[in-house]
file protein-v2.csv (CSV, C-alpha atoms)
chain,number,residue,atom,x,y,z
Q,1,MET,CA,96.4,82.3,64.6
Q,2,ASP,CA,95.5,78.7,65.4
Q,3,LYS,CA,94.0,78.5,68.8
Q,4,THR,CA,93.7,74.7,68.9
Q,5,ARG,CA,96.7,73.2,70.6
Q,6,GLY,CA,97.3,69.5,70.4
Q,7,ASN,CA,99.9,67.5,72.3
Q,8,SER,CA,102.6,68.1,69.7
Q,9,LYS,CA,102.5,70.7,66.9
Q,10,THR,CA,105.0,71.3,64.2
Q,11,ILE,CA,106.4,74.8,63.5
Q,12,ILE,CA,108.5,75.8,60.5
Q,13,ALA,CA,111.3,78.2,61.3
Q,14,ALA,CA,111.9,80.5,58.4
Q,15,THR,CA,115.6,80.8,58.7
Q,16,SER,CA,118.8,79.2,57.3
Q,17,ASN,CA,120.6,79.9,60.6
Q,18,SER,CA,121.0,76.5,62.3
Q,19,HIS,CA,121.7,78.2,65.7
Q,20,LYS,CA,118.3,79.9,65.5
Q,21,VAL,CA,116.5,76.6,64.6
Q,22,ARG,CA,118.2,74.9,67.6
Q,23,GLU,CA,117.2,77.8,70.0
Q,24,PHE,CA,113.6,77.7,68.6
Q,25,GLN,CA,113.5,74.0,69.5
Q,26,GLU,CA,115.0,74.5,73.0
Q,27,ILE,CA,112.6,77.4,73.8
Q,28,LEU,CA,109.5,75.9,72.2
Q,29,GLY,CA,110.0,72.2,73.1
Q,30,PRO,CA,108.6,72.5,76.6
Q,31,PHE,CA,105.5,74.0,75.2
Q,32,GLY,CA,105.0,70.9,73.1
Q,33,TYR,CA,106.3,72.1,69.7
Q,34,HIS,CA,108.5,70.3,67.2
Q,35,VAL,CA,110.5,72.8,65.2
Q,36,LEU,CA,111.4,72.1,61.5
Q,37,SER,CA,113.7,74.3,59.6
Q,38,ALA,CA,112.5,75.7,56.3
Q,39,LYS,CA,115.1,73.6,54.6
Q,40,GLU,CA,113.6,70.4,56.0
Q,41,ALA,CA,110.1,71.7,55.1
Q,42,GLY,CA,111.0,72.1,51.4
Q,43,GLY,CA,113.6,74.8,51.1
Q,44,MET,CA,114.4,78.2,52.4
Q,45,PRO,CA,113.9,80.9,49.7
Q,46,ASP,CA,116.5,83.6,49.3
Q,47,VAL,CA,115.1,86.6,51.1
Q,48,VAL,CA,116.9,90.0,50.9
Q,49,GLU,CA,116.8,91.5,54.4
Q,50,ASP,CA,116.8,95.2,53.3
Q,51,ALA,CA,114.3,96.6,55.7
Q,52,ASP,CA,115.6,99.1,58.2
Q,53,THR,CA,113.8,97.6,61.2
Q,54,PHE,CA,113.8,94.2,62.9
Q,55,LEU,CA,110.0,94.2,62.4
Q,56,GLY,CA,110.4,94.8,58.7
Q,57,ASN,CA,113.0,92.1,58.1
Q,58,ALA,CA,111.2,89.5,60.3
Q,59,THR,CA,107.9,90.2,58.4
Q,60,LYS,CA,109.6,90.0,55.0
Q,61,LYS,CA,111.3,86.7,55.9
Q,62,ALA,CA,108.1,85.2,57.3
Q,63,VAL,CA,105.8,86.3,54.4
Q,64,GLU,CA,108.1,85.3,51.6
Q,65,THR,CA,108.9,81.9,53.2
Q,66,ALA,CA,105.3,81.1,53.9
Q,67,ARG,CA,104.4,81.9,50.3
Q,68,ALA,CA,107.2,79.8,49.0
Q,69,LEU,CA,106.4,76.8,51.1
Q,70,GLY,CA,102.6,77.2,51.1
Q,71,GLN,CA,102.6,76.8,54.9
Q,72,MET,CA,102.5,78.9,58.0
Q,73,VAL,CA,106.1,79.8,59.2
Q,74,VAL,CA,107.8,81.6,62.0
Q,75,ALA,CA,110.7,84.0,61.3
Q,76,ASP,CA,112.8,86.1,63.7
Q,77,ASP,CA,114.9,89.1,63.1
Q,78,SER,CA,117.2,90.1,66.0
Q,79,GLY,CA,120.2,92.1,66.9
Q,80,LEU,CA,122.2,94.0,69.5
Q,81,GLU,CA,121.7,97.6,70.4
Q,82,VAL,CA,124.5,99.4,72.2
Q,83,LEU,CA,123.5,102.5,74.1
Q,84,ALA,CA,126.8,104.4,73.8
Q,85,LEU,CA,126.7,103.7,70.0
Q,86,ASN,CA,123.2,105.1,69.6
Q,87,GLY,CA,121.8,101.6,69.0
Q,88,GLU,CA,124.5,100.3,66.7
Q,89,PRO,CA,124.9,97.6,65.3
Q,90,GLY,CA,121.1,97.2,65.4
Q,91,VAL,CA,119.6,95.8,62.2
Q,92,PHE,CA,123.1,95.5,60.8
Q,93,SER,CA,124.2,93.2,63.6
Q,94,SER,CA,124.9,90.2,61.4
Q,95,ARG,CA,126.8,92.2,58.8
Q,96,TYR,CA,128.5,94.8,61.0
Q,97,ALA,CA,132.0,93.9,59.7
Q,98,GLY,CA,130.7,93.7,56.1
Q,99,GLU,CA,128.9,91.2,54.0
Q,100,GLY,CA,131.8,88.8,54.1
Q,101,GLY,CA,132.0,89.1,57.9
Q,102,ASN,CA,131.3,86.5,60.5
Q,103,ASP,CA,130.4,86.4,64.2
Q,104,GLY,CA,134.0,86.8,65.4
Q,105,ARG,CA,134.8,89.7,63.1
Q,106,ASN,CA,131.5,91.5,64.0
Q,107,LEU,CA,132.2,91.2,67.7
Q,108,ALA,CA,135.8,92.3,67.3
Q,109,LYS,CA,134.7,95.4,65.5
Q,110,LEU,CA,132.2,96.2,68.2
Q,111,LEU,CA,134.7,95.7,71.0
Q,112,ASN,CA,137.2,97.9,69.1
Q,113,LYS,CA,134.6,100.7,68.8
Q,114,LEU,CA,133.9,100.5,72.6
Q,115,GLN,CA,137.5,100.6,73.7
Q,116,GLY,CA,137.8,103.2,76.4
Q,117,ILE,CA,134.1,103.7,76.7
Q,118,GLU,CA,132.8,103.1,80.2
Q,119,ASP,CA,129.1,102.9,79.5
Q,120,ARG,CA,128.8,99.3,78.2
Q,121,ARG,CA,125.0,99.1,78.4
Q,122,ALA,CA,123.3,97.1,75.6
Q,123,ARG,CA,120.3,95.0,74.8
Q,124,PHE,CA,119.4,92.2,72.5
Q,125,VAL,CA,116.1,92.7,70.6
Q,126,CYS,CA,114.1,90.0,68.8
Q,127,VAL,CA,111.1,90.4,66.7
Q,128,ILE,CA,109.1,87.3,65.8
Q,129,ALA,CA,106.8,87.3,62.7
Q,130,VAL,CA,104.4,84.5,62.0
Q,131,ALA,CA,102.9,84.4,58.5
Q,132,THR,CA,100.4,82.3,56.5
Q,133,PRO,CA,100.7,81.6,52.8
Q,134,ASP,CA,97.9,84.2,52.1
Q,135,GLY,CA,100.0,86.9,53.8
Q,136,LEU,CA,98.3,87.1,57.2
Q,137,VAL,CA,101.1,88.3,59.6
Q,138,GLY,CA,101.3,88.5,63.4
Q,139,THR,CA,104.3,89.8,65.3
Q,140,ALA,CA,105.7,89.8,68.8
Q,141,GLU,CA,108.8,91.3,70.4
Q,142,GLY,CA,111.3,90.4,73.2
Q,143,GLN,CA,114.4,91.8,74.7
Q,144,VAL,CA,117.1,91.3,77.3
Q,145,THR,CA,119.2,94.0,78.8
Q,146,GLY,CA,122.8,93.7,79.8
Q,147,ARG,CA,126.3,95.0,79.1
Q,148,ILE,CA,129.1,94.4,76.6
Q,149,ALA,CA,132.1,92.5,78.0
Q,150,LEU,CA,135.6,93.8,77.8
Q,151,ALA,CA,136.7,90.7,75.9
Q,152,PRO,CA,134.9,87.7,74.3
Q,153,ALA,CA,134.3,84.8,76.7
Q,154,GLY,CA,132.7,81.4,76.1
Q,155,ASN,CA,131.8,79.2,73.1
Q,156,GLY,CA,128.1,78.8,73.6
Q,157,GLY,CA,125.3,80.5,71.7
Q,158,PHE,CA,126.2,82.4,68.5
Q,159,GLY,CA,126.5,86.0,67.1
Q,160,TYR,CA,127.5,88.5,69.8
Q,161,ASP,CA,126.8,86.0,72.7
Q,162,PRO,CA,130.4,85.7,73.8
Q,163,GLY,CA,130.4,89.6,74.2
Q,164,PHE,CA,127.1,90.1,76.0
Q,165,ILE,CA,126.6,89.8,79.8
Q,166,PRO,CA,122.9,89.8,80.7
Q,167,ASP,CA,121.9,91.9,83.7
Q,168,GLY,CA,122.0,89.9,86.9
Q,169,PHE,CA,124.9,87.7,85.7
Q,170,ASP,CA,128.7,88.0,85.5
Q,171,GLN,CA,129.1,85.6,82.6
Q,172,THR,CA,128.4,86.1,78.9
Q,173,PHE,CA,125.7,84.3,76.9
Q,174,GLY,CA,128.7,82.4,75.5
Q,175,GLU,CA,129.5,81.1,78.9
Q,176,LEU,CA,126.1,80.6,80.5
Q,177,PRO,CA,124.5,77.1,79.9
Q,178,PRO,CA,121.9,77.1,77.1
Q,179,GLU,CA,119.1,76.4,79.5
Q,180,VAL,CA,119.9,79.7,81.2
Q,181,LYS,CA,120.2,81.7,77.9
Q,182,ASN,CA,117.1,80.1,76.5
Q,183,ARG,CA,115.0,81.2,79.5
Q,184,LEU,CA,116.3,84.8,79.6
Q,185,SER,CA,117.0,85.7,76.1
Q,186,HIS,CA,115.3,88.2,73.7
Q,187,ARG,CA,114.3,85.2,71.6
Q,188,ALA,CA,112.8,83.3,74.5
Q,189,ASN,CA,110.9,86.4,75.5
Q,190,ALA,CA,109.7,87.1,72.0
Q,191,LEU,CA,108.6,83.4,71.4
Q,192,GLN,CA,106.7,83.3,74.7
Q,193,ASN,CA,105.0,86.6,73.8
Q,194,ALA,CA,104.1,85.1,70.4
Q,195,ILE,CA,102.4,82.1,72.2
Q,196,GLN,CA,100.7,84.4,74.6
Q,197,ASN,CA,99.4,86.6,71.7
Q,198,HIS,CA,98.0,83.5,70.0
Q,199,LEU,CA,100.3,83.8,67.0
Q,200,PHE,CA,100.7,80.1,66.8
I,1,MET,CA,122.1,92.7,95.8
I,2,ASP,CA,124.9,90.3,95.4
I,3,LYS,CA,126.5,90.4,92.0
I,4,THR,CA,128.8,87.5,92.5
I,5,ARG,CA,127.3,84.3,91.3
I,6,GLY,CA,128.9,80.9,92.0
I,7,ASN,CA,127.9,77.6,90.6
I,8,SER,CA,125.3,77.0,93.2
I,9,LYS,CA,123.7,79.6,95.5
I,10,THR,CA,121.2,79.1,98.3
I,11,ILE,CA,118.0,81.3,98.4
I,12,ILE,CA,115.7,81.3,101.4
I,13,ALA,CA,112.0,81.6,100.4
I,14,ALA,CA,110.0,83.6,103.0
I,15,THR,CA,106.8,81.6,102.7
I,16,SER,CA,105.1,78.8,104.5
I,17,ASN,CA,103.3,77.8,101.2
I,18,SER,CA,105.0,74.6,100.1
I,19,HIS,CA,103.6,75.1,96.5
I,20,LYS,CA,105.5,78.4,96.3
I,21,VAL,CA,108.7,76.9,97.6
I,22,ARG,CA,108.4,74.2,94.9
I,23,GLU,CA,107.8,76.7,92.2
I,24,PHE,CA,110.7,78.8,93.3
I,25,GLN,CA,112.9,75.8,93.0
I,26,GLU,CA,111.5,74.8,89.6
I,27,ILE,CA,112.0,78.3,88.3
I,28,LEU,CA,115.3,79.1,89.8
I,29,GLY,CA,116.9,75.7,89.6
I,30,PRO,CA,118.1,76.2,85.9
I,31,PHE,CA,119.8,79.4,87.0
I,32,GLY,CA,121.9,77.5,89.6
I,33,TYR,CA,119.9,78.2,92.7
I,34,HIS,CA,119.0,75.9,95.5
I,35,VAL,CA,115.8,77.1,97.3
I,36,LEU,CA,115.4,76.6,101.1
I,37,SER,CA,112.1,77.3,102.8
I,38,ALA,CA,112.1,79.7,105.7
I,39,LYS,CA,111.1,76.8,107.9
I,40,GLU,CA,114.2,74.8,106.8
I,41,ALA,CA,116.3,77.9,107.4
I,42,GLY,CA,115.2,78.3,111.0
I,43,GLY,CA,111.5,79.0,111.0
I,44,MET,CA,108.9,81.2,109.3
I,45,PRO,CA,107.7,84.0,111.5
I,46,ASP,CA,104.0,84.9,111.6
I,47,VAL,CA,103.6,87.8,109.3
I,48,VAL,CA,100.2,89.6,109.1
I,49,GLU,CA,99.5,90.4,105.5
I,50,ASP,CA,97.5,93.5,106.0
I,51,ALA,CA,98.9,95.8,103.3
I,52,ASP,CA,96.5,96.7,100.5
I,53,THR,CA,99.0,96.0,97.6
I,54,PHE,CA,101.0,93.0,96.5
I,55,LEU,CA,104.1,95.2,96.9
I,56,GLY,CA,103.2,96.1,100.5
I,57,ASN,CA,102.6,92.5,101.5
I,58,ALA,CA,105.7,91.1,99.7
I,59,THR,CA,107.9,93.7,101.3
I,60,LYS,CA,106.5,93.1,104.7
I,61,LYS,CA,107.0,89.3,104.4
I,62,ALA,CA,110.5,89.7,103.2
I,63,VAL,CA,111.6,92.3,105.7
I,64,GLU,CA,110.1,90.6,108.8
I,65,THR,CA,111.5,87.2,107.8
I,66,ALA,CA,115.0,88.5,106.9
I,67,ARG,CA,115.0,90.2,110.3
I,68,ALA,CA,113.8,87.0,112.1
I,69,LEU,CA,116.3,84.8,110.4
I,70,GLY,CA,119.2,87.2,110.2
I,71,GLN,CA,119.6,86.3,106.5
I,72,MET,CA,118.7,87.6,103.1
I,73,VAL,CA,115.3,86.2,102.0
I,74,VAL,CA,113.0,86.3,99.0
I,75,ALA,CA,109.2,86.7,99.4
I,76,ASP,CA,106.4,86.9,96.9
I,77,ASP,CA,102.9,88.2,97.1
I,78,SER,CA,100.7,87.3,94.2
I,79,GLY,CA,97.1,87.1,93.2
I,80,LEU,CA,94.5,87.1,90.5
I,81,GLU,CA,92.9,90.2,89.0
I,82,VAL,CA,89.7,89.8,87.0
I,83,LEU,CA,88.9,92.6,84.7
I,84,ALA,CA,85.1,92.3,84.9
I,85,LEU,CA,85.3,92.4,88.7
I,86,ASN,CA,87.4,95.6,88.7
I,87,GLY,CA,90.5,93.6,89.7
I,88,GLU,CA,88.9,91.4,92.3
I,89,PRO,CA,90.0,89.2,94.1
I,90,GLY,CA,93.4,91.0,93.9
I,91,VAL,CA,95.3,91.1,97.3
I,92,PHE,CA,92.4,89.1,98.8
I,93,SER,CA,93.0,86.2,96.4
I,94,SER,CA,94.0,83.7,99.1
I,95,ARG,CA,91.2,84.6,101.5
I,96,TYR,CA,88.4,85.5,99.0
I,97,ALA,CA,86.0,83.0,100.5
I,98,GLY,CA,86.9,84.1,104.1
I,99,GLU,CA,89.8,83.4,106.4
I,100,GLY,CA,88.7,79.8,106.8
I,101,GLY,CA,88.5,79.4,103.0
I,102,ASN,CA,90.7,77.3,100.8
I,103,ASP,CA,91.7,77.1,97.2
I,104,GLY,CA,88.6,75.2,96.1
I,105,ARG,CA,86.2,77.5,97.9
I,106,ASN,CA,88.0,80.7,96.6
I,107,LEU,CA,87.7,79.5,93.0
I,108,ALA,CA,84.1,78.4,93.5
I,109,LYS,CA,83.2,81.9,94.7
I,110,LEU,CA,84.9,83.5,91.8
I,111,LEU,CA,83.3,81.2,89.2
I,112,ASN,CA,79.9,81.9,90.9
I,113,LYS,CA,80.4,85.7,90.6
I,114,LEU,CA,81.4,85.3,87.0
I,115,GLN,CA,78.3,83.3,86.0
I,116,GLY,CA,76.7,84.7,82.9
I,117,ILE,CA,79.6,87.2,82.4
I,118,GLU,CA,81.1,86.9,79.0
I,119,ASP,CA,84.3,88.9,79.6
I,120,ARG,CA,86.5,86.4,81.3
I,121,ARG,CA,89.8,88.3,81.0
I,122,ALA,CA,92.1,88.1,84.0
I,123,ARG,CA,95.7,88.3,84.9
I,124,PHE,CA,97.9,86.8,87.6
I,125,VAL,CA,100.3,89.3,89.2
I,126,CYS,CA,103.4,88.5,91.3
I,127,VAL,CA,105.6,90.9,93.2
I,128,ILE,CA,108.9,89.6,94.5
I,129,ALA,CA,110.6,91.3,97.4
I,130,VAL,CA,114.2,90.5,98.5
I,131,ALA,CA,115.2,91.8,101.9
I,132,THR,CA,118.4,91.8,104.0
I,133,PRO,CA,118.4,91.7,107.8
I,134,ASP,CA,119.2,95.4,107.9
I,135,GLY,CA,116.0,96.2,105.9
I,136,LEU,CA,117.5,96.8,102.5
I,137,VAL,CA,114.7,95.8,100.0
I,138,GLY,CA,114.5,95.3,96.3
I,139,THR,CA,111.4,94.4,94.3
I,140,ALA,CA,110.4,93.0,90.9
I,141,GLU,CA,107.1,92.3,89.3
I,142,GLY,CA,105.7,89.8,86.8
I,143,GLN,CA,102.4,89.0,85.3
I,144,VAL,CA,100.6,86.6,82.9
I,145,THR,CA,97.4,87.4,81.1
I,146,GLY,CA,94.6,85.0,80.3
I,147,ARG,CA,91.0,84.2,81.0
I,148,ILE,CA,88.8,82.5,83.6
I,149,ALA,CA,87.6,79.0,82.6
I,150,LEU,CA,83.9,78.2,82.8
I,151,ALA,CA,84.7,75.4,85.2
I,152,PRO,CA,87.8,74.2,87.2
I,153,ALA,CA,90.0,71.8,85.3
I,154,GLY,CA,93.2,69.9,86.3
I,155,ASN,CA,95.0,69.2,89.5
I,156,GLY,CA,98.3,70.9,88.9
I,157,GLY,CA,99.5,74.1,90.4
I,158,PHE,CA,97.6,75.6,93.3
I,159,GLY,CA,95.3,78.5,94.1
I,160,TYR,CA,93.2,79.6,91.2
I,161,ASP,CA,95.3,77.6,88.7
I,162,PRO,CA,92.5,75.1,87.7
I,163,GLY,CA,90.4,78.2,86.8
I,164,PHE,CA,92.9,80.2,84.8
I,165,ILE,CA,93.7,79.7,81.1
I,166,PRO,CA,96.8,81.6,80.0
I,167,ASP,CA,96.6,83.5,76.7
I,168,GLY,CA,97.8,81.3,73.9
I,169,PHE,CA,96.5,78.1,75.5
I,170,ASP,CA,93.3,76.2,75.8
I,171,GLN,CA,94.1,74.5,79.1
I,172,THR,CA,94.2,75.8,82.6
I,173,PHE,CA,97.4,76.2,84.7
I,174,GLY,CA,95.9,73.2,86.6
I,175,GLU,CA,96.1,71.1,83.4
I,176,LEU,CA,99.3,72.4,81.8
I,177,PRO,CA,102.5,70.6,82.8
I,178,PRO,CA,104.6,72.4,85.5
I,179,GLU,CA,107.4,73.1,83.0
I,180,VAL,CA,105.0,75.1,80.9
I,181,LYS,CA,103.4,77.0,83.8
I,182,ASN,CA,106.8,77.6,85.3
I,183,ARG,CA,108.1,79.3,82.2
I,184,LEU,CA,105.0,81.4,81.5
I,185,SER,CA,103.8,82.3,84.9
I,186,HIS,CA,103.6,85.6,86.8
I,187,ARG,CA,106.0,84.1,89.3
I,188,ALA,CA,108.5,83.0,86.6
I,189,ASN,CA,108.4,86.4,85.1
I,190,ALA,CA,108.9,88.2,88.4
I,191,LEU,CA,111.8,85.9,89.5
I,192,GLN,CA,113.5,86.4,86.2
I,193,ASN,CA,113.1,90.1,86.5
I,194,ALA,CA,114.5,89.9,90.0
I,195,ILE,CA,117.6,88.2,88.7
I,196,GLN,CA,117.9,90.7,85.8
I,197,ASN,CA,117.6,93.6,88.3
I,198,HIS,CA,120.5,92.1,90.4
I,199,LEU,CA,118.2,91.5,93.4
I,200,PHE,CA,119.9,88.3,94.2

call {"tool": "encode", "arguments": {"input": "protein-v2.csv", "output": "structure tokens"}}
result
Amino acid sequence: MDKTRGNSKTIIAATSNSHKVREFQEILGPFGYHVLSAKEAGGMPDVVEDADTFLGNATKKAVETARALGQMVVADDSGLEVLALNGEPGVFSSRYAGEGGNDGRNLAKLLNKLQGIEDRRARFVCVIAVATPDGLVGTAEGQVTGRIALAPAGNGGFGYDPGFIPDGFDQTFGELPPEVKNRLSHRANALQNAIQNHLF
Amino acid sequence: MDKTRGNSKTIIAATSNSHKVREFQEILGPFGYHVLSAKEAGGMPDVVEDADTFLGNATKKAVETARALGQMVVADDSGLEVLALNGEPGVFSSRYAGEGGNDGRNLAKLLNKLQGIEDRRARFVCVIAVATPDGLVGTAEGQVTGRIALAPAGNGGFGYDPGFIPDGFDQTFGELPPEVKNRLSHRANALQNAIQNHLF
């Protein structure tokens, strides 16, 4: 939305997930961006993520946060889609094991469901939404294909990372160094597409 | 082709273009690869690039070099496609100004042809071919969209880089730092797709 590009530009990440803020910084840093969390920029509003698509939730988070802060912000909604489960957990990725769940329980539930299933193909999907305070929105998408591991491995990343092996690798996103994940990932892809589409 | 992946793996780049070898290293380094030029690995054979597609030329370079060296190699064929010129210079990118031409003359010819043309849209395309000595070949593709600058700018990169502004930016690939080009570029895209497709 802003085609000028100085040597350093600040971007506000509309998320209260500190892992996402860190990944935004790792991915966007080389392009000259400094990433600020919504909290650091004045406070992240409570946004109910009740849309049934990544696009819907990303847009909602971006629009409501931009309005609350009076500034342009970038939000992402992302999740894991497992082929043998018809795309589950999808938009429910972060609350797969229930609202009181956490990363470990979500992954445990998934691995349980996949016990005995040979087809482990899956993909991570990320939709980026950029919104201005007047409600102007732009979106971009990214994905990375791979397979679900038989057991969790590694402490890197977050979410389902210890259970996801990207195509071309034998290690999970939990095991691979961040500089590998942050070049390959659905989020890296989506953010690069956002830049290429002039969203920020 | 090889799904095992150690901490460091050597890849032979089937090219005599030192710029390409350097970019291969910059792009593949974070994934744990050490890139060796064909020259360092025993010598780059003379390959006549007479195919009429990037795929054809990349495959030819990879197959002939793998056979000559008796080892798996990675080749790329790449070029610039300008929309208003119906995809020119395309596969002729490196010899647009004639066989005795060079990067500067090629770009000068292109800018000349585009004088007064408002539609500057263009894309860089890269096809990666991986070949084994027995002739097994795998390929992957990447691209980056952008526009042709009004005049050359910057000394970075090579080829048409000083004349190409990637979408989302106001500077040419000749001006942008290598770590930006090597995340965005057609070559970065193609090599990441090659990894994701298990080509090496």

call {"tool": "residues_around", "arguments": {"input": "protein-v2.csv", "residues": "stretch 58-62 of chain I", "least_positions_apart": "5", "cutoff": "6 Å", "atoms": "all atoms listed in the file", "output": "NGL selection string"}}
result
:I and (74-77 or 129 or 131)

call {"tool": "residues_around", "arguments": {"input": "protein-v2.csv", "residues": "I:Ala149", "least_positions_apart": "3", "cutoff": "10 Å", "atoms": "all atoms listed in the file", "output": "list in words"}}
result
Leu111, Leu114, Arg120, Arg121, Gly146, Pro152, Ala153, Asp161, Pro162, Gly163, Phe164, Ile165, Pro166, Asp170, Gln171 and Thr172 of chain I

call {"tool": "closest_atom_pairs", "arguments": {"input": "protein-v2.csv", "of": "chain I", "to": "chain Q", "cutoff": "10 Å", "atoms": "only C-alpha atoms", "output": "Markdown table"}}
result
| residue | atom | partner | partner_atom | distance |
| --- | --- | --- | --- | --- |
| I:Met1 | CA | Q:Gly168 | CA | 9.3 |
| I:Asp2 | CA | Q:Gly168 | CA | 9.0 |
| I:Lys3 | CA | Q:Gly168 | CA | 6.8 |
| I:Thr4 | CA | Q:Asp170 | CA | 7.0 |
| I:Arg5 | CA | Q:Phe169 | CA | 7.0 |
| I:Gly6 | CA | Q:Asp170 | CA | 9.6 |
| I:Ile27 | CA | Q:Arg183 | CA | 9.7 |
| I:Leu28 | CA | Q:Val180 | CA | 9.8 |
| I:Gly29 | CA | Q:Val180 | CA | 9.8 |
| I:Pro30 | CA | Q:Val180 | CA | 6.1 |
| I:Phe31 | CA | Q:Val180 | CA | 5.8 |
| I:Gly32 | CA | Q:Val180 | CA | 8.9 |
| I:Val144 | CA | Q:Gln196 | CA | 8.6 |
| I:Thr145 | CA | Q:Gln196 | CA | 7.9 |
| I:Gly146 | CA | Q:Gln196 | CA | 8.4 |
| I:Pro166 | CA | Q:Gln196 | CA | 7.2 |
| I:Asp167 | CA | Q:Gln196 | CA | 4.7 |
| I:Gly168 | CA | Q:Gln196 | CA | 4.3 |
| I:Phe169 | CA | Q:Arg5 | CA | 6.9 |
| I:Asp170 | CA | Q:Arg5 | CA | 6.9 |
| I:Gln171 | CA | Q:Arg5 | CA | 9.0 |
| I:Leu176 | CA | Q:Phe31 | CA | 9.2 |
| I:Pro177 | CA | Q:Phe31 | CA | 8.8 |
| I:Pro178 | CA | Q:Pro30 | CA | 9.8 |
| I:Glu179 | CA | Q:Pro30 | CA | 6.5 |
| I:Val180 | CA | Q:Phe31 | CA | 5.8 |
| I:Lys181 | CA | Q:Phe31 | CA | 9.3 |
| I:Arg183 | CA | Q:Arg183 | CA | 7.6 |
| I:Leu184 | CA | Q:Gln192 | CA | 7.3 |
| I:Ala188 | CA | Q:Arg183 | CA | 9.8 |
| I:Asn189 | CA | Q:Leu184 | CA | 9.8 |
| I:Gln192 | CA | Q:Leu184 | CA | 7.3 |
| I:Asn193 | CA | Q:Gly168 | CA | 8.9 |
| I:Ala194 | CA | Q:Gly168 | CA | 8.1 |
| I:Ile195 | CA | Q:Gly168 | CA | 5.0 |
| I:Gln196 | CA | Q:Gly168 | CA | 4.3 |
| I:Asn197 | CA | Q:Gly168 | CA | 5.9 |
| I:His198 | CA | Q:Gly168 | CA | 4.4 |
| I:Leu199 | CA | Q:Gly168 | CA | 7.7 |
| I:Phe200 | CA | Q:Gly168 | CA | 7.8 |

call {"tool": "closest_residue", "arguments": {"input": "protein-v2.csv", "among": "I:Gly42, I:Gly56, I:Gly174, I:Gly101", "to": "I:Gly156", "atoms": "only C-alpha atoms"}}
result
I:Gly174

call {"tool": "atom_distance", "arguments": {"input": "protein-v2.csv", "atom1": "atom CA of Q:Ala190", "atom2": "atom CA of Q:Ala140"}}
result
5.8 Å

call {"tool": "atom_distance", "arguments": {"input": "protein-v2.csv", "atom1": "atom CA of Q:Gly87", "atom2": "atom CA of Q:Leu110"}}
result
11.7 Å

call {"tool": "residues_around", "arguments": {"input": "protein-v2.csv", "residues": "I:Cys126", "least_positions_apart": "6", "cutoff": "8 Å", "atoms": "only C-alpha atoms", "output": "list in words"}}
result
Phe54, Asp76, Asp77, Ser78, Gly79, Glu141, Gly142, Gln143, His186, Arg187 and Ala190 of chain I

call {"tool": "closest_residue", "arguments": {"input": "protein-v2.csv", "among": "I:Ala97, I:Val73, I:Ile148, I:Ala38", "to": "I:Ala122", "atoms": "only C-alpha atoms"}}
result
I:Ile148

call {"tool": "atom_distance", "arguments": {"input": "protein-v2.csv", "atom1": "atom CA of I:Thr10", "atom2": "atom CA of I:Val35"}}
result
5.8 Å
